[in-house]
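Peer 1: One structure, as structure tokens, below. Some questions next.
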Amino acid sequence: MRDLLQTPGVRSVHLVDWRSGRTLAHVGAADTADDAVAVLRAVLEGPLCADQGLEDVVVSDARNHVLAAVLAASADLCLRVRVCRDEGNLGFALRELRRLARTAREPAPRRDRPRLPGRGPVPRPRRAEPVDRGVLERVLAALRTLPVDRPDRAVTV
């Protein structure tokens with residue numbers, strides 16, 4: 001995706017699950033892929049694609065081209081690219097997007113994120129450790145000695 005961002009005029013690239021509307025990966029300018037999700041849903045669920053697959057969609061406005069390509073490996077995932085009309089080359093960006101869509105693979109699930117409820121084993125809660133009352137009393141006494149800039153904000157327990 002970062003390679004596609006090097007294409008002249010490309011402002012952002014998103015990997016999107018267009019059925020759920022969730023962005024899985026994003027590089028470039030801070031924008032959303034809601035436009036591509038809405039367009040793909042309208043096209044794929046409409047009469048134009050009733051008996052055939054969709055390769056890519058190009059939508060243009062006064063300032064940008066929005067390109068969307070469904071990944072060959074997964075019908076639920078698409079790449080969404082925003083290209084500035086004044087700075088970019090639509091044909092070149094579309095060729096690079098098609099190349100990436102043919103070769104892209106679905107990202108592996110990240111292990112550093114917490115699991116969603118109902119997916120996989122539920123983590124066990126940590127066992128409560130006993131509290132050292134002496135340490136807590138010393139911390140509280142130290143907090144009471146701190147100067148307070150306003151008299152109405154005194155530390156009380």
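The chains in the structure tokens are called A, B, ... from first to last as shown; in each chain the residues are counted from 1, and the ligands are counted from 1 in the order shown.
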Excluding segment 59-66 of chain A and its own-chain neighbours fewer than 4 positions away, which residues fall within 8 Å of it when counting only C-alpha atoms? Please give them as a ChimeraX atom specification.

Peer 2: /A:36,80-86,90

Peer 1: Can you write just those residues out, C-alpha atoms, as a JSON list (two decimals), in the first residue's frame?

Peer 2:
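See out_10.json below for the written result:
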```json
[["chain", "number", "residue", "atom", "x", "y", "z"],
["A", 36, "ALA", "CA", -16.00, 3.72, -1.53],
["A", 80, "ARG", "CA", -9.74, 2.47, -2.02],
["A", 81, "VAL", "CA", -7.41, 5.15, -3.44],
["A", 82, "ARG", "CA", -7.92, 8.93, -3.51],
["A", 83, "VAL", "CA", -6.03, 10.70, -6.31],
["A", 84, "CYS", "CA", -5.80, 14.50, -6.68],
["A", 85, "ARG", "CA", -7.05, 15.37, -10.19],
["A", 86, "ASP", "CA", -4.58, 18.24, -10.68],
["A", 90, "LEU", "CA", -5.68, 8.52, -13.42]]
```

Peer 1: With only C-alpha atoms as the counted atoms, please give the residues lying no more than 10 Å from segment 25-35 of chain A, apart from itself and same-chain residues fewer than 6 positions off, as a ChimeraX atom specification.

Peer 2: /A:1-2,4-6,10-18,59,66,68,79-82,107

Peer 1: Which of these residues is nearest to Asp3 of chain A, using only C-alpha atoms: A:Ala93, A:Val131, A:Leu146, A:Val139?

Peer 2: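 Using only C-alpha atoms, the shortest distance to Asp3 of chain A belongs to A:Ala93.
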